[in-house]
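Q: Structure below; questions to follow.
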Amino acid sequence: MGYRASNGRTGVERRSERELVVTRTFNGPVRLVFDAWTKPELFKLWWAPKSCGVPMLSCEMDVRTGGGYRVTFGHDASDSMAFFGKYLEVLPPSRLVWTNDESDTAAVTTVTFEEKDGGTLLVLQELYPSKEALDEAFVGMEDAMPEQFAQLDELLIALGASV
């Protein structure tokens, strides 16, 4: 069974002063889309938007409730930026909730994966501590998330071809 790219529509919407919701339907099974979010060897292939030109240096994930993650970007260790936090909830293959602990203004992220018409409806929700924190994070998000999800589409096609 081959996978084709999704329709390319990634919805990025502010639902409230503190909440951002991103939706997209992927043409791949829930299990495969969930794996792409939870297996470091797959996650590092699509998460960093290629247009920003900053590679992912490392990706560590202990995907279980109470486990942690750390993702580092940069050209070398001396010029890098890390994102890290804890998994608050892990329900394979339907739900992930994690903290973003690199900043006091970072969001709590919830991602759900739902079977829909043979594909996967993904809903990513970020809840920020304040309107100002979301305002700051929202800059560039409308471009970055669609690019990341297009890269995930490409990965799913490649994985589908090899399944």
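Chain lettering (A, B, ...) mirrors the order of the structure tokens, residue numbering begins at 1 for each chain separately, and ligand numbering begins at 1 in order of display.
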Would you mind listing what lies within 12 Å of region 11-18 of chain A as a PyMOL selection string, with only C-alpha atoms counted and same-chain residues fewer than 5 positions away left out?
A: chain A and resi 23-25+105-108+121-147+149
Q: Given the selection you just returned, output its residues as a file containing C-alpha atoms, formatted as a PDB file, in the first residue's frame.
A:
```pdb
ATOM      1  CA  THR A  23      -4.292  20.343  12.409  1.00  0.00           C
ATOM      2  CA  ARG A  24      -3.397  18.162   9.453  1.00  0.00           C
ATOM      3  CA  THR A  25      -4.508  14.850   8.007  1.00  0.00           C
ATOM      4  CA  THR A 105       6.997  31.278  28.722  1.00  0.00           C
ATOM      5  CA  ALA A 106       6.919  27.955  26.851  1.00  0.00           C
ATOM      6  CA  ALA A 107       3.766  25.939  26.198  1.00  0.00           C
ATOM      7  CA  VAL A 108       2.442  22.584  27.287  1.00  0.00           C
ATOM      8  CA  LEU A 121      -5.918  13.255  11.745  1.00  0.00           C
ATOM      9  CA  LEU A 122      -3.260  14.967  13.843  1.00  0.00           C
ATOM     10  CA  VAL A 123      -4.179  17.800  16.192  1.00  0.00           C
ATOM     11  CA  LEU A 124      -1.393  19.656  17.971  1.00  0.00           C
ATOM     12  CA  GLN A 125      -2.472  22.026  20.731  1.00  0.00           C
ATOM     13  CA  GLU A 126      -0.115  24.347  22.577  1.00  0.00           C
ATOM     14  CA  LEU A 127      -1.282  26.105  25.734  1.00  0.00           C
ATOM     15  CA  TYR A 128       0.889  29.073  26.726  1.00  0.00           C
ATOM     16  CA  PRO A 129       1.090  30.695  30.172  1.00  0.00           C
ATOM     17  CA  SER A 130       0.076  34.112  28.770  1.00  0.00           C
ATOM     18  CA  LYS A 131      -1.161  35.939  25.677  1.00  0.00           C
ATOM     19  CA  GLU A 132       2.268  37.589  25.366  1.00  0.00           C
ATOM     20  CA  ALA A 133       4.021  34.198  25.340  1.00  0.00           C
ATOM     21  CA  LEU A 134       1.781  32.989  22.505  1.00  0.00           C
ATOM     22  CA  ASP A 135       2.238  36.285  20.623  1.00  0.00           C
ATOM     23  CA  GLU A 136       6.008  35.763  20.731  1.00  0.00           C
ATOM     24  CA  ALA A 137       5.865  32.075  19.755  1.00  0.00           C
ATOM     25  CA  PHE A 138       3.342  32.653  16.972  1.00  0.00           C
ATOM     26  CA  VAL A 139       5.816  34.679  14.916  1.00  0.00           C
ATOM     27  CA  GLY A 140       7.046  32.273  12.260  1.00  0.00           C
ATOM     28  CA  MET A 141       4.814  29.411  13.420  1.00  0.00           C
ATOM     29  CA  GLU A 142       2.486  29.811  10.427  1.00  0.00           C
ATOM     30  CA  ASP A 143       5.411  29.024   8.109  1.00  0.00           C
ATOM     31  CA  ALA A 144       7.373  26.554  10.233  1.00  0.00           C
ATOM     32  CA  MET A 145       4.600  24.093  11.105  1.00  0.00           C
ATOM     33  CA  PRO A 146       3.366  23.586   7.516  1.00  0.00           C
ATOM     34  CA  GLU A 147       6.978  23.038   6.406  1.00  0.00           C
ATOM     35  CA  PHE A 149       4.408  18.678   8.382  1.00  0.00           C
TER      36      PHE A 149
END
```
Q: Using DSSP assignments from the backbone, pull out every residue in region 95-150 of chain A that falls under strand (DSSP E) and give it to me as a ChimeraX atom specification.
A: /A:95-99,108-116,119-127
Q: Would you list the contacts of Met56 (chain A) as a list in words, taking every protein, DNA or RNA residue within 7 Å and counting only C-alpha atoms, but skipping same-chain residues closer than 2 positions in sequence?
A: Lys44, Ala48, Val54, Ser58, Thr72, Phe73 and Gly74 of chain A
Q: Can you spit out the residues from that selection as a PDB file, in the first residue's frame, using N, CA and C atoms?
A:
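Final file, selection-v6.pdb:
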```pdb
ATOM      1  N   LYS A  44      14.105  12.908  14.008  1.00  0.00           N
ATOM      2  CA  LYS A  44      15.175  13.799  13.546  1.00  0.00           C
ATOM      3  C   LYS A  44      15.183  13.956  12.025  1.00  0.00           C
ATOM      4  N   ALA A  48      13.138  19.428  12.073  1.00  0.00           N
ATOM      5  CA  ALA A  48      13.770  20.731  11.819  1.00  0.00           C
ATOM      6  C   ALA A  48      13.388  21.236  10.426  1.00  0.00           C
ATOM      7  N   VAL A  54      19.289  25.210  10.019  1.00  0.00           N
ATOM      8  CA  VAL A  54      19.934  24.850  11.284  1.00  0.00           C
ATOM      9  C   VAL A  54      19.670  23.367  11.542  1.00  0.00           C
ATOM     10  N   SER A  58      21.279  16.638  18.021  1.00  0.00           N
ATOM     11  CA  SER A  58      20.977  15.446  18.810  1.00  0.00           C
ATOM     12  C   SER A  58      19.498  15.384  19.131  1.00  0.00           C
ATOM     13  N   THR A  72      18.549  19.124  20.378  1.00  0.00           N
ATOM     14  CA  THR A  72      19.527  20.205  20.247  1.00  0.00           C
ATOM     15  C   THR A  72      19.732  20.551  18.775  1.00  0.00           C
ATOM     16  N   PHE A  73      19.677  21.851  18.478  1.00  0.00           N
ATOM     17  CA  PHE A  73      19.878  22.360  17.120  1.00  0.00           C
ATOM     18  C   PHE A  73      21.110  23.252  17.094  1.00  0.00           C
ATOM     19  N   GLY A  74      21.765  23.302  15.953  1.00  0.00           N
ATOM     20  CA  GLY A  74      22.893  24.206  15.773  1.00  0.00           C
ATOM     21  C   GLY A  74      23.867  23.643  14.769  1.00  0.00           C
TER      22      GLY A  74
END
```
Q: Got a sec: who's within 12 Å of Leu42 (chain A), counting only C-alpha atoms, leaving out chain neighbours fewer than 3 positions off, as a ChimeraX atom specification?
A: /A:32-39,45-48,59-61,151-152,154-156,158-159
Q: Kindly export the residues of the current selection with N, CA and C atoms, as a short mmCIF file (atom, residue, chain, number, x, y, z; two decimals), in the first residue's frame.
A:
```cif
data_model
loop_
_atom_site.label_atom_id
_atom_site.label_comp_id
_atom_site.auth_asym_id
_atom_site.auth_seq_id
_atom_site.Cartn_x
_atom_site.Cartn_y
_atom_site.Cartn_z
N LEU A 32 2.15 4.52 12.29
CA LEU A 32 3.34 5.06 11.63
C LEU A 32 3.54 6.55 11.96
N VAL A 33 2.45 7.32 12.00
CA VAL A 33 2.56 8.74 12.32
C VAL A 33 3.01 8.90 13.79
N PHE A 34 2.45 8.09 14.69
CA PHE A 34 2.86 8.13 16.09
C PHE A 34 4.35 7.79 16.22
N ASP A 35 4.79 6.75 15.50
CA ASP A 35 6.21 6.38 15.53
C ASP A 35 7.10 7.54 15.10
N ALA A 36 6.66 8.30 14.09
CA ALA A 36 7.46 9.43 13.60
C ALA A 36 7.63 10.50 14.66
N TRP A 37 6.72 10.57 15.63
CA TRP A 37 6.79 11.54 16.72
C TRP A 37 7.52 11.01 17.94
N THR A 38 7.72 9.69 18.02
CA THR A 38 8.22 9.11 19.26
C THR A 38 9.51 8.30 19.12
N LYS A 39 9.97 8.07 17.91
CA LYS A 39 11.22 7.35 17.70
C LYS A 39 12.27 8.35 17.22
N LEU A 45 14.46 13.10 11.31
CA LEU A 45 14.41 13.20 9.85
C LEU A 45 13.44 14.25 9.35
N TRP A 46 12.52 14.72 10.22
CA TRP A 46 11.52 15.67 9.72
C TRP A 46 11.29 16.90 10.59
N TRP A 47 11.69 16.91 11.82
CA TRP A 47 11.27 17.98 12.73
C TRP A 47 11.87 19.35 12.40
N ALA A 48 13.14 19.43 12.07
CA ALA A 48 13.77 20.73 11.82
C ALA A 48 13.39 21.24 10.43
N CYS A 59 19.03 14.18 19.40
CA CYS A 59 17.62 13.95 19.73
C CYS A 59 17.56 12.78 20.70
N GLU A 60 17.21 13.08 21.94
CA GLU A 60 17.07 12.05 22.96
C GLU A 60 15.62 12.05 23.42
N MET A 61 14.99 10.86 23.44
CA MET A 61 13.59 10.76 23.84
C MET A 61 13.37 9.52 24.69
N GLN A 151 7.47 17.93 5.54
CA GLN A 151 8.62 17.03 5.69
C GLN A 151 8.18 15.70 6.30
N LEU A 152 7.23 15.72 7.24
CA LEU A 152 6.69 14.49 7.79
C LEU A 152 5.96 13.70 6.71
N GLU A 154 6.71 13.65 3.55
CA GLU A 154 7.76 13.01 2.74
C GLU A 154 8.30 11.77 3.43
N LEU A 155 8.49 11.84 4.75
CA LEU A 155 8.98 10.69 5.50
C LEU A 155 7.98 9.55 5.46
N LEU A 156 6.69 9.85 5.63
CA LEU A 156 5.67 8.81 5.60
C LEU A 156 5.61 8.13 4.24
N ALA A 158 8.18 7.78 2.20
CA ALA A 158 9.37 6.94 2.15
C ALA A 158 9.19 5.67 3.00
N LEU A 159 8.62 5.83 4.18
CA LEU A 159 8.40 4.67 5.05
C LEU A 159 7.35 3.73 4.46
#
```
Q: Between CA of Thr65 (chain A) and CA of Val21 (chain A), what distance in Å does the model show, to one decimal?
A: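 Separation of CA of Thr65 (chain A) and CA of Val21 (chain A): 22.5 Å.
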Q: When you draw a straight line from CA of Thr99 (chain A) to CA of Gly85 (chain A), how long is it in Å?
A: 5.0 Å
Q: If we count only C-alpha atoms and set the cut-off at 8 Å, which residues sit around Trp98 (chain A), ignoring sequence neighbours fewer than 3 positions away in its own chain? Please answer as a PyMOL selection string.
A: chain A and resi 85-89+108-110
Q: What does the distance from CA of Thr112 (chain A) to CA of Leu57 (chain A) come to in Å, to one decimal?
A: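 Between CA of Thr112 (chain A) and CA of Leu57 (chain A) the gap works out to 26.7 Å.
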Q: Have a look at A:Arg95, A:Arg64, A:Lys50, A:Arg70 and name the one nearest to Phe83 (chain A); count only C-alpha atoms.
A: A:Arg70
Q: Taking only C-alpha atoms into account, which of A:Gly119, A:Gln148, A:Asp79, A:Gly160 comes nearest Cys52 (chain A)?
A: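 Looking at the shortest contact to Cys52 (chain A), the residue is A:Gln148.
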Q: Using DSSP secondary structure from the backbone, list all alpha helix (DSSP H) positions within region 33-81 of chain A, as a ChimeraX atom specification.
A: /A:33-38,40-43
Q: Taking N, CA and C atoms for each residue, export the selection above as a PDB file, in the first residue's frame.
A:
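Result went into out-v6.pdb, see below:
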```pdb
ATOM      1  N   VAL A  33       2.450   7.315  11.996  1.00  0.00           N
ATOM      2  CA  VAL A  33       2.559   8.741  12.325  1.00  0.00           C
ATOM      3  C   VAL A  33       3.010   8.898  13.785  1.00  0.00           C
ATOM      4  N   PHE A  34       2.453   8.087  14.686  1.00  0.00           N
ATOM      5  CA  PHE A  34       2.859   8.125  16.092  1.00  0.00           C
ATOM      6  C   PHE A  34       4.348   7.786  16.222  1.00  0.00           C
ATOM      7  N   ASP A  35       4.787   6.749  15.503  1.00  0.00           N
ATOM      8  CA  ASP A  35       6.214   6.377  15.534  1.00  0.00           C
ATOM      9  C   ASP A  35       7.102   7.539  15.102  1.00  0.00           C
ATOM     10  N   ALA A  36       6.660   8.300  14.091  1.00  0.00           N
ATOM     11  CA  ALA A  36       7.460   9.426  13.597  1.00  0.00           C
ATOM     12  C   ALA A  36       7.632  10.504  14.657  1.00  0.00           C
ATOM     13  N   TRP A  37       6.721  10.567  15.632  1.00  0.00           N
ATOM     14  CA  TRP A  37       6.787  11.540  16.720  1.00  0.00           C
ATOM     15  C   TRP A  37       7.521  11.009  17.939  1.00  0.00           C
ATOM     16  N   THR A  38       7.723   9.689  18.020  1.00  0.00           N
ATOM     17  CA  THR A  38       8.222   9.106  19.264  1.00  0.00           C
ATOM     18  C   THR A  38       9.507   8.300  19.118  1.00  0.00           C
ATOM     19  N   PRO A  40      13.325   8.555  18.018  1.00  0.00           N
ATOM     20  CA  PRO A  40      14.318   9.585  17.672  1.00  0.00           C
ATOM     21  C   PRO A  40      14.879   9.445  16.260  1.00  0.00           C
ATOM     22  N   GLU A  41      15.096   8.221  15.806  1.00  0.00           N
ATOM     23  CA  GLU A  41      15.679   8.029  14.476  1.00  0.00           C
ATOM     24  C   GLU A  41      14.740   8.503  13.370  1.00  0.00           C
ATOM     25  N   LEU A  42      13.435   8.535  13.624  1.00  0.00           N
ATOM     26  CA  LEU A  42      12.470   9.069  12.660  1.00  0.00           C
ATOM     27  C   LEU A  42      12.224  10.559  12.882  1.00  0.00           C
ATOM     28  N   PHE A  43      12.065  10.959  14.139  1.00  0.00           N
ATOM     29  CA  PHE A  43      11.784  12.351  14.491  1.00  0.00           C
ATOM     30  C   PHE A  43      12.835  13.292  13.911  1.00  0.00           C
TER      31      PHE A  43
END
```
Q: Find, counting only C-alpha atoms, the residue in A:Arg9, A:Arg31, A:His75, A:Lys116 that gets nearest to Ser94 (chain A).
A: A:Arg31
